[in-house]
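Chemist: What follows is model.txt, made up of compact mmCIF, C-alpha atoms:
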# COMPACT_ATOMS: atom_id res chain seq x y z
CA MET A 787 0.00 0.00 0.00
CA ASN A 788 1.29 3.42 -0.97
CA GLY A 789 0.63 6.70 0.85
CA HIS A 790 -2.31 7.56 3.07
CA LEU A 791 -5.27 5.29 3.68
CA ALA A 792 -7.89 7.86 2.67
CA THR A 793 -8.74 6.35 -0.73
CA PRO A 794 -11.18 3.57 -1.64
CA THR A 795 -8.33 1.46 -3.07
CA ASN A 796 -6.07 1.68 0.00
CA THR A 797 -8.96 1.15 2.41
CA LEU A 798 -10.10 -1.96 0.54
CA GLU A 799 -6.55 -3.27 0.46
CA VAL A 800 -6.28 -3.10 4.25
CA ILE A 801 -9.74 -4.59 4.80
CA LYS A 802 -8.97 -7.54 2.51
CA LYS A 803 -5.51 -8.12 3.93
CA TYR A 804 -6.86 -8.52 7.45
CA ASP A 805 -10.20 -10.06 6.38
CA PHE A 806 -11.83 -7.32 8.43
CA ALA A 807 -15.60 -7.48 8.97
CA PHE A 808 -17.46 -4.25 9.72
CA GLN A 809 -19.24 -4.34 13.07
CA LYS A 810 -22.66 -2.72 12.93
CA ARG A 811 -22.77 -2.50 16.73
CA PHE A 812 -19.73 -0.19 16.63
CA GLY A 813 -21.19 2.01 13.89
CA GLN A 814 -18.09 1.61 11.70
CA ASN A 815 -17.87 3.79 8.58
CA PHE A 816 -14.37 4.58 7.30
CA LEU A 817 -13.56 7.83 5.49
CA ILE A 818 -12.29 7.32 1.94
CA ASP A 819 -11.85 10.94 0.82
CA ALA A 820 -8.44 12.50 1.49
CA ASN A 821 -9.75 16.05 0.94
CA ILE A 822 -12.32 15.60 3.69
CA VAL A 823 -9.79 14.12 6.11
CA GLU A 824 -7.36 17.00 5.47
CA ALA A 825 -10.18 19.51 5.92
CA ILE A 826 -11.20 18.04 9.29
CA VAL A 827 -7.64 18.21 10.62
CA ASN A 828 -7.29 21.78 9.31
CA ARG A 829 -10.61 22.88 10.86
CA ALA A 830 -9.50 21.38 14.18
CA ASP A 831 -6.56 23.80 14.08
CA ILE A 832 -4.01 21.15 15.11
CA THR A 833 -0.40 22.22 15.68
CA LYS A 834 2.77 20.52 16.91
CA ASP A 835 2.03 21.97 20.36
CA ASP A 836 -1.15 19.90 20.63
CA CYS A 837 -1.98 16.62 22.27
CA VAL A 838 -4.95 15.14 20.39
CA LEU A 839 -7.40 12.52 21.59
CA GLU A 840 -8.95 10.65 18.68
CA VAL A 841 -12.04 8.58 19.41
CA GLY A 842 -12.63 5.63 17.09
CA PRO A 843 -9.60 5.72 14.76
CA GLY A 844 -10.83 2.71 12.78
CA ILE A 845 -7.98 1.59 10.50
CA GLY A 846 -6.06 4.82 11.16
CA THR A 847 -7.23 6.91 8.20
CA MET A 848 -7.47 10.23 10.05
CA THR A 849 -4.91 9.18 12.66
CA GLN A 850 -2.14 9.37 10.03
CA TYR A 851 -2.96 13.01 9.28
CA LEU A 852 -3.27 13.82 12.99
CA CYS A 853 0.16 12.31 13.68
CA GLU A 854 1.67 14.53 10.98
CA ALA A 855 0.00 17.67 12.37
CA ALA A 856 0.10 17.16 16.17
CA GLY A 857 2.79 16.74 18.78
CA LYS A 858 1.10 13.67 20.27
CA VAL A 859 -1.96 11.55 19.40
CA ILE A 860 -3.89 9.21 21.70
CA ALA A 861 -6.20 6.97 19.65
CA VAL A 862 -8.90 5.11 21.58
CA GLU A 863 -10.44 2.18 19.70
CA ILE A 864 -13.03 -0.19 21.15
CA ASP A 865 -12.78 -2.92 18.47
CA LYS A 866 -9.90 -5.30 19.31
CA ASN A 867 -9.92 -6.56 15.71
CA LEU A 868 -8.65 -3.15 14.58
CA ILE A 869 -5.63 -3.07 16.89
CA PRO A 870 -3.29 -5.18 14.68
CA ILE A 871 -4.36 -3.09 11.68
CA LEU A 872 -3.57 0.14 13.55
CA ASN A 873 -0.21 -1.25 14.61
CA GLU A 874 0.66 -1.62 10.93
CA THR A 875 -0.91 1.53 9.46
CA LEU A 876 0.60 3.74 12.17
CA ASN A 877 3.96 1.99 12.25
CA ASP A 878 5.77 4.97 10.70
CA TYR A 879 4.66 7.36 13.47
CA ASP A 880 6.39 7.55 16.85
CA ASN A 881 4.02 10.11 18.40
CA VAL A 882 0.89 7.96 18.68
CA ARG A 883 -0.44 5.72 21.45
CA VAL A 884 -3.28 3.31 20.62
CA ILE A 885 -5.57 2.28 23.48
CA ASN A 886 -8.02 -0.62 23.08
CA GLU A 887 -10.80 0.61 25.36
CA ASP A 888 -14.38 1.80 25.43
CA ILE A 889 -14.11 5.60 25.54
CA LEU A 890 -17.18 5.76 27.81
CA LYS A 891 -15.38 3.68 30.45
CA LEU A 892 -12.00 5.38 30.20
CA ASP A 893 -10.81 7.92 32.77
CA ILE A 894 -9.99 10.61 30.21
CA LYS A 895 -9.09 13.18 32.86
CA SER A 896 -6.33 10.92 34.21
CA LEU A 897 -5.24 10.18 30.66
CA ALA A 898 -4.96 13.90 29.88
CA ASP A 899 -2.98 14.45 33.08
CA GLU A 900 -0.65 11.59 32.21
CA GLU A 901 -0.13 12.40 28.53
CA ASN A 902 -0.29 16.19 28.53
CA ALA A 903 0.58 17.25 32.09
CA GLY A 904 -3.01 18.37 32.69
CA ASN A 905 -2.92 20.91 29.86
CA PRO A 906 -5.97 21.21 27.58
CA ILE A 907 -6.21 18.57 24.86
CA LYS A 908 -8.02 18.70 21.53
CA VAL A 909 -10.50 15.98 20.63
CA VAL A 910 -11.01 14.89 17.03
CA ALA A 911 -13.35 12.07 16.06
CA ASN A 912 -15.53 10.45 13.44
CA LEU A 913 -18.15 9.39 15.96
CA PRO A 914 -20.52 6.43 15.69
CA TYR A 915 -23.97 8.00 15.64
CA TYR A 916 -25.36 5.89 18.47
CA ILE A 917 -22.91 7.21 21.08
CA THR A 918 -22.45 10.81 19.90
CA THR A 919 -24.32 12.42 22.79
CA PRO A 920 -22.90 10.23 25.62
CA ILE A 921 -19.33 10.85 24.42
CA ILE A 922 -19.72 14.63 24.06
CA MET A 923 -21.50 15.01 27.39
CA GLY A 924 -19.07 12.63 29.10
CA LEU A 925 -16.14 14.76 27.95
CA PHE A 926 -17.75 17.99 29.15
CA GLU A 927 -19.29 16.77 32.41
CA SER A 928 -16.13 15.06 33.62
CA HIS A 929 -14.39 18.44 33.31
CA VAL A 930 -11.55 17.02 31.24
CA PRO A 931 -9.24 19.91 30.25
CA ILE A 932 -10.35 20.41 26.64
CA ASP A 933 -9.58 23.20 24.21
CA SER A 934 -11.93 22.04 21.46
CA ILE A 935 -13.84 19.03 20.14
CA THR A 936 -13.99 18.63 16.36
CA ILE A 937 -16.27 15.77 15.45
CA MET A 938 -18.02 14.20 12.51
CA VAL A 939 -21.62 13.45 13.40
CA GLN A 940 -24.95 12.86 11.70
CA LYS A 941 -26.00 16.10 9.97
CA GLU A 942 -29.20 16.47 11.97
CA VAL A 943 -27.31 16.03 15.26
CA ALA A 944 -24.87 18.79 14.26
CA ASP A 945 -27.84 21.04 13.45
CA ARG A 946 -29.38 20.27 16.85
CA MET A 947 -26.21 21.35 18.67
CA GLN A 948 -26.16 24.89 17.32
CA VAL A 949 -29.83 25.96 17.11
CA GLY A 950 -31.62 28.35 19.45
CA PRO A 951 -35.02 28.52 21.21
CA GLY A 952 -38.24 28.14 19.26
CA THR A 953 -36.84 25.86 16.54
CA LYS A 954 -37.93 22.23 16.13
CA ASP A 955 -34.37 20.92 16.62
CA TYR A 956 -33.80 22.88 19.84
CA GLY A 957 -33.55 20.64 22.86
CA ALA A 958 -31.52 19.37 25.80
CA LEU A 959 -28.48 18.62 23.59
CA SER A 960 -28.49 22.18 22.17
CA LEU A 961 -28.51 23.68 25.65
CA ALA A 962 -25.89 21.31 27.09
CA VAL A 963 -23.45 21.87 24.23
CA GLN A 964 -23.93 25.65 24.27
CA TYR A 965 -23.43 25.78 28.05
CA TYR A 966 -19.96 24.30 27.67
CA ALA A 967 -18.84 25.42 24.22
CA LYS A 968 -19.37 27.51 21.12
CA PRO A 969 -20.66 25.18 18.35
CA GLU A 970 -19.89 25.82 14.69
CA ILE A 971 -20.57 23.53 11.74
CA VAL A 972 -17.38 23.72 9.65
CA LEU A 973 -17.97 21.09 6.98
CA ASN A 974 -20.77 19.07 5.40
CA VAL A 975 -19.83 15.54 4.35
CA PRO A 976 -21.93 13.45 1.93
CA ALA A 977 -22.54 9.76 2.58
CA SER A 978 -20.47 8.89 -0.51
CA CYS A 979 -17.26 9.77 1.40
CA PHE A 980 -17.56 6.67 3.58
CA MET A 981 -17.10 2.92 3.33
CA PRO A 982 -19.55 1.36 3.88
CA ARG A 983 -21.86 4.15 2.81
CA PRO A 984 -24.19 5.27 5.65
CA ASN A 985 -27.86 6.09 5.07
CA VAL A 986 -27.47 9.73 6.08
CA ASP A 987 -25.17 12.66 5.36
CA SER A 988 -22.77 13.89 8.03
CA ALA A 989 -21.36 17.18 9.23
CA VAL A 990 -18.22 18.21 11.06
CA ILE A 991 -18.92 20.46 14.01
CA ARG A 992 -16.29 22.21 16.09
CA LEU A 993 -17.10 22.84 19.75
CA THR A 994 -14.73 25.45 21.18
CA ARG A 995 -14.73 25.25 24.97
CA HIS A 996 -15.81 28.43 26.77
CA ILE A 997 -13.02 29.85 28.91
CA GLU A 998 -15.66 31.25 31.25
CA PRO A 999 -19.23 29.87 31.45
CA VAL A 1000 -21.71 31.87 29.37
CA VAL A 1001 -24.17 31.66 32.26
CA THR A 1002 -23.62 31.18 35.98
CA VAL A 1003 -25.79 28.73 37.87
CA LYS A 1004 -25.65 27.57 41.49
CA ASP A 1005 -26.33 23.88 40.78
CA GLU A 1006 -25.27 22.67 37.32
CA LYS A 1007 -26.80 19.22 37.78
CA LEU A 1008 -30.15 20.61 38.88
CA MET A 1009 -30.27 22.92 35.85
CA PHE A 1010 -29.67 20.01 33.49
CA ASP A 1011 -32.28 17.89 35.29
CA ILE A 1012 -34.76 20.72 34.75
CA ILE A 1013 -33.76 21.02 31.09
CA ARG A 1014 -34.13 17.27 30.57
CA ALA A 1015 -37.59 17.25 32.18
CA SER A 1016 -38.65 20.24 30.08
CA PHE A 1017 -37.96 18.38 26.83
CA ASN A 1018 -38.95 14.84 27.85
CA GLN A 1019 -42.56 15.69 27.06
CA ARG A 1020 -41.98 18.39 24.49
CA ARG A 1021 -45.60 19.27 23.75
CA LYS A 1022 -46.51 19.71 27.41
CA THR A 1023 -46.12 22.97 29.30
CA LEU A 1024 -42.92 23.42 31.25
CA VAL A 1025 -44.94 23.27 34.50
CA ASN A 1026 -46.35 19.83 33.62
CA GLY A 1027 -43.00 18.58 32.37
CA LEU A 1028 -41.28 19.46 35.66
CA THR A 1029 -44.05 18.16 37.94
CA ASN A 1030 -44.18 14.85 36.02
CA ALA A 1031 -40.42 14.24 36.38
CA SER A 1032 -39.81 11.63 39.10
CA TYR A 1033 -36.27 12.90 39.72
CA LEU A 1034 -37.45 16.44 40.57
CA ASN A 1035 -39.30 17.39 43.73
CA PHE A 1036 -41.03 20.68 42.94
CA SER A 1037 -44.74 21.32 43.36
CA LYS A 1038 -46.79 22.97 40.64
CA ASP A 1039 -47.20 26.06 42.83
CA MET A 1040 -43.44 26.38 43.34
CA ILE A 1041 -42.81 26.24 39.58
CA VAL A 1042 -45.61 28.71 38.74
CA LYS A 1043 -44.27 31.11 41.38
CA ALA A 1044 -40.71 30.91 39.97
CA LEU A 1045 -42.00 31.51 36.43
CA ASP A 1046 -44.00 34.51 37.68
CA VAL A 1047 -40.82 36.03 39.18
CA MET A 1048 -39.23 35.61 35.73
CA GLY A 1049 -42.22 37.26 34.03
CA LEU A 1050 -43.21 34.04 32.27
CA SER A 1051 -46.66 32.54 31.83
CA PRO A 1052 -47.60 29.22 33.53
CA SER A 1053 -48.42 27.92 30.05
CA VAL A 1054 -44.90 28.49 28.68
CA ARG A 1055 -43.13 25.54 27.05
CA GLY A 1056 -39.53 24.57 27.71
CA GLU A 1057 -38.59 24.93 24.04
CA THR A 1058 -39.01 28.72 24.28
CA LEU A 1059 -36.58 29.26 27.17
CA THR A 1060 -32.98 30.36 26.66
CA LEU A 1061 -30.03 28.88 28.53
CA SER A 1062 -29.86 31.90 30.85
CA GLN A 1063 -33.58 31.51 31.63
CA PHE A 1064 -33.08 27.87 32.56
CA ALA A 1065 -30.21 28.92 34.84
CA GLU A 1066 -32.43 31.56 36.47
CA LEU A 1067 -35.28 29.07 36.92
CA SER A 1068 -32.93 26.54 38.48
CA ASP A 1069 -31.59 29.11 40.97
CA LEU A 1070 -35.12 30.25 41.90
CA LEU A 1071 -36.35 26.69 42.49
CA MET A 1072 -33.27 25.97 44.62
CA GLN A 1073 -34.36 28.72 47.00
CA GLU A 1074 -37.80 27.20 47.52
Here is the file; what I need is its structure written in the form of structure tokens.
Modeler:
Amino acid sequence: MNGHLATPTNTLEVIKKYDFAFQKRFGQNFLIDANIVEAIVNRADITKDDCVLEVGPGIGTMTQYLCEAAGKVIAVEIDKNLIPILNETLNDYDNVRVINEDILKLDIKSLADEENAGNPIKVVANLPYYITTPIIMGLFESHVPIDSITIMVQKEVADRMQVGPGTKDYGALSLAVQYYAKPEIVLNVPASCFMPRPNVDSAVIRLTRHIEPVVTVKDEKLMFDIIRASFNQRRKTLVNGLTNASYLNFSKDMIVKALDVMGLSPSVRGETLTLSQFAELSDLLMQE
């Protein structure tokens, strides 16, 4: 095999050599367009000063480009069948460490401390659609030192991360992402750029971590519990959504009173509230 993996020919060559079988449960779709891979690494703004965490390297297609751009790369791959392939395709690079683990079970904070002396890392990934939200929220909520997350996700998920109140895609994910980071879609990627070809188009979204929170809230967990309850039953009023949530303990009167302080109607729906309004509501309900 000559050159980078990011071509249909080179990808097929590796797959055939190792008799690799795609695992649907891992959501495996390998990039086969070098221009797209280069663009992702460029949009992630990787330099030799950076330590990069790559989630789901696959056969090492994007990992090769990351190794050439970054100072250090940590590639976390759940599929043990890909490890011997990665050992070969990344053999020419001495700045990469491959870890055969489930990213959701890995202590990434300790890993960042160990590999980058606790300095902020950059995350780059072509994420399996089924674990996009758990991975993103896991990275943010564990307070791993992160500069930015540049990820390939399903197009509609990327749209959901950056929209505001009153739109049909606005929800708990939008608010959570925007609390921690500034989201920006930097690239749209058609399904034809993957092997095997997925059923949907993708987008690359860059989440740049806020240096200071855009809103201040007394109890972060409570705010997100309120947000989750507000969108669990989207068509219901916010009052009904919060009173129906088993993990919250607020009476209808308490919620109506808090909304009144905020100048909001008891019939308001969660999808109309901004992040700062959810923070205010959370603080008011805490005082009750």
Chemist: Have a look at A:Arg983, A:Gln809, A:Pro906, A:Ala792 and name the one nearest to Gln850 in chain A; count all atoms listed in the file.
Modeler: A:Ala792
Chemist: What are the closest atom pairs, with distances in Å to one decimal, for each residue of range 812-835 of chain A lying within 9 Å of range 965-973 of chain A, using all atoms listed in the file, rows by chain and rising residue number, as JSON lines?
Modeler:
{"residue": "A:Ile822", "atom": "CA", "partner": "A:Leu973", "partner_atom": "CA", "distance": 8.5}
{"residue": "A:Ala825", "atom": "CA", "partner": "A:Leu973", "partner_atom": "CA", "distance": 8.0}
{"residue": "A:Ile826", "atom": "CA", "partner": "A:Leu973", "partner_atom": "CA", "distance": 7.8}
{"residue": "A:Arg829", "atom": "CA", "partner": "A:Val972", "partner_atom": "CA", "distance": 6.9}
Chemist: Please list as a ChimeraX atom specification every residue within 8 Å of range 876-879 of chain A, counting all atoms listed in the file and excluding residues in the same chain fewer than 4 positions away.
Modeler: /A:846,849-850,853,872
Chemist: Just give me the gap between CA of Lys1038 in chain A and CA of Val1000 in chain A in Å, one decimal is fine.
Modeler: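 Value for the CA of Lys1038 in chain A-CA of Val1000 in chain A distance: 28.9 Å.
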Chemist: Go ahead and compute the interatomic distance for CA of Ala861 in chain A and CA of Glu799 in chain A, in Å to one decimal.
Modeler: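 Interatomic distance, CA of Ala861 in chain A to CA of Glu799 in chain A: 21.8 Å.
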Chemist: Pull the closest atom pair for each residue of range 850-914 of chain A that gets at most 7 Å from range 926-946 of chain A, along with the distance in Å to one decimal, counting only C-alpha atoms, ordering rows by chain and then ascending residue number, as a tab-separated table.
Modeler:
residue	atom	partner	partner_atom	distance
A:Ile894	CA	A:Val930	CA	6.7
A:Lys895	CA	A:Val930	CA	4.8
A:Gly904	CA	A:Pro931	CA	6.9
A:Asn905	CA	A:Pro931	CA	6.4
A:Pro906	CA	A:Pro931	CA	4.4
A:Ile907	CA	A:Ile932	CA	4.9
A:Lys908	CA	A:Ser934	CA	5.1
A:Val909	CA	A:Ile935	CA	4.5
A:Val910	CA	A:Thr936	CA	4.8
A:Ala911	CA	A:Ile937	CA	4.8
A:Asn912	CA	A:Met938	CA	4.6
A:Leu913	CA	A:Met938	CA	5.9
Chemist: Could you tell me how far CA of Asp899 in chain A sits from CA of Val1003 in chain A, in Å to one decimal place?
Modeler: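 Between CA of Val1003 in chain A and CA of Asp899 in chain A the gap works out to 27.3 Å.
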Chemist: With 5 Å of padding per side, what axis-aligned box (centre and edge lengths, Å, one decimal) covers all the listed atoms of range 937-947 of chain A? Give it as JSON.
Modeler:
{"center_x": -22.8, "center_y": 17.1, "center_z": 14.3, "size_x": 23.1, "size_y": 18.5, "size_z": 18.7}
Chemist: Please determine, counting all atoms listed in the file, which residue among A:Ser978, A:Ser1068, A:Asn1026, A:Ser1051 has the shortest atom-to-atom distance to Met1009 in chain A.
Modeler: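 Smallest separation from Met1009 in chain A among the options: A:Ser1068.
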Chemist: Between A:Met923, A:Val841, A:Ile864, A:Tyr915, which one has atoms that come closest to Ala989 in chain A, using all atoms listed in the file?
Modeler: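 The closest residue to Ala989 in chain A is A:Tyr915.
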Chemist: With a distance cut-off of 12 Å and only C-alpha atoms, select the neighbouring residues of Gln1073 in chain A, excluding the residue or stretch itself and same-chain residues fewer than 3 positions from it, and output the selection as a PDB file with C-alpha atoms, in the coordinates of the input.
Modeler:
ATOM      1  CA  LYS A1004     -25.650  27.570  41.490  1.00  0.00           C
ATOM      2  CA  ASP A1005     -26.330  23.880  40.780  1.00  0.00           C
ATOM      3  CA  PHE A1036     -41.030  20.680  42.940  1.00  0.00           C
ATOM      4  CA  MET A1040     -43.440  26.380  43.340  1.00  0.00           C
ATOM      5  CA  ILE A1041     -42.810  26.240  39.580  1.00  0.00           C
ATOM      6  CA  LYS A1043     -44.270  31.110  41.380  1.00  0.00           C
ATOM      7  CA  ALA A1044     -40.710  30.910  39.970  1.00  0.00           C
ATOM      8  CA  GLU A1066     -32.430  31.560  36.470  1.00  0.00           C
ATOM      9  CA  LEU A1067     -35.280  29.070  36.920  1.00  0.00           C
ATOM     10  CA  SER A1068     -32.930  26.540  38.480  1.00  0.00           C
ATOM     11  CA  ASP A1069     -31.590  29.110  40.970  1.00  0.00           C
ATOM     12  CA  LEU A1070     -35.120  30.250  41.900  1.00  0.00           C
TER      13      LEU A1070
END
Chemist: If we draw a sphere of 10 Å around (-11.5, 9.5, 30.4), which residues have at least one atom in it when counting all atoms listed in the file? Please report them as a ChimeraX atom specification.
Modeler: /A:888-898,921,924-925,928-930
Chemist: Using only C-alpha atoms, pick whichever of A:Leu852, A:Ala1065, A:Val827, A:Val1047 has the shortest atom-to-atom distance to Lys1007 in chain A.
Modeler: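 When distances to Lys1007 in chain A are compared using only C-alpha atoms, the smallest one comes from A:Ala1065.
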Chemist: Residues at most 9 Å from Asp865 in chain A, counting only C-alpha atoms, excluding those fewer than 3 positions away in the same chain, as a ChimeraX atom specification?
Modeler: /A:809,812,842,844,868-869,886-888
Chemist: Considering all atoms listed in the file, state which residue in the set A:Thr1060, A:Met1072, A:Ile860, A:Asn974 is at the smallest distance from Glu1006 in chain A.
Modeler: A:Met1072
Chemist: From the list A:Lys834, A:Lys802, A:Lys866, A:Arg1021, which residue is nearest Asn881 in chain A when using all atoms listed in the file?
Modeler: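 Among the listed residues, A:Lys834 lies closest to Asn881 in chain A.
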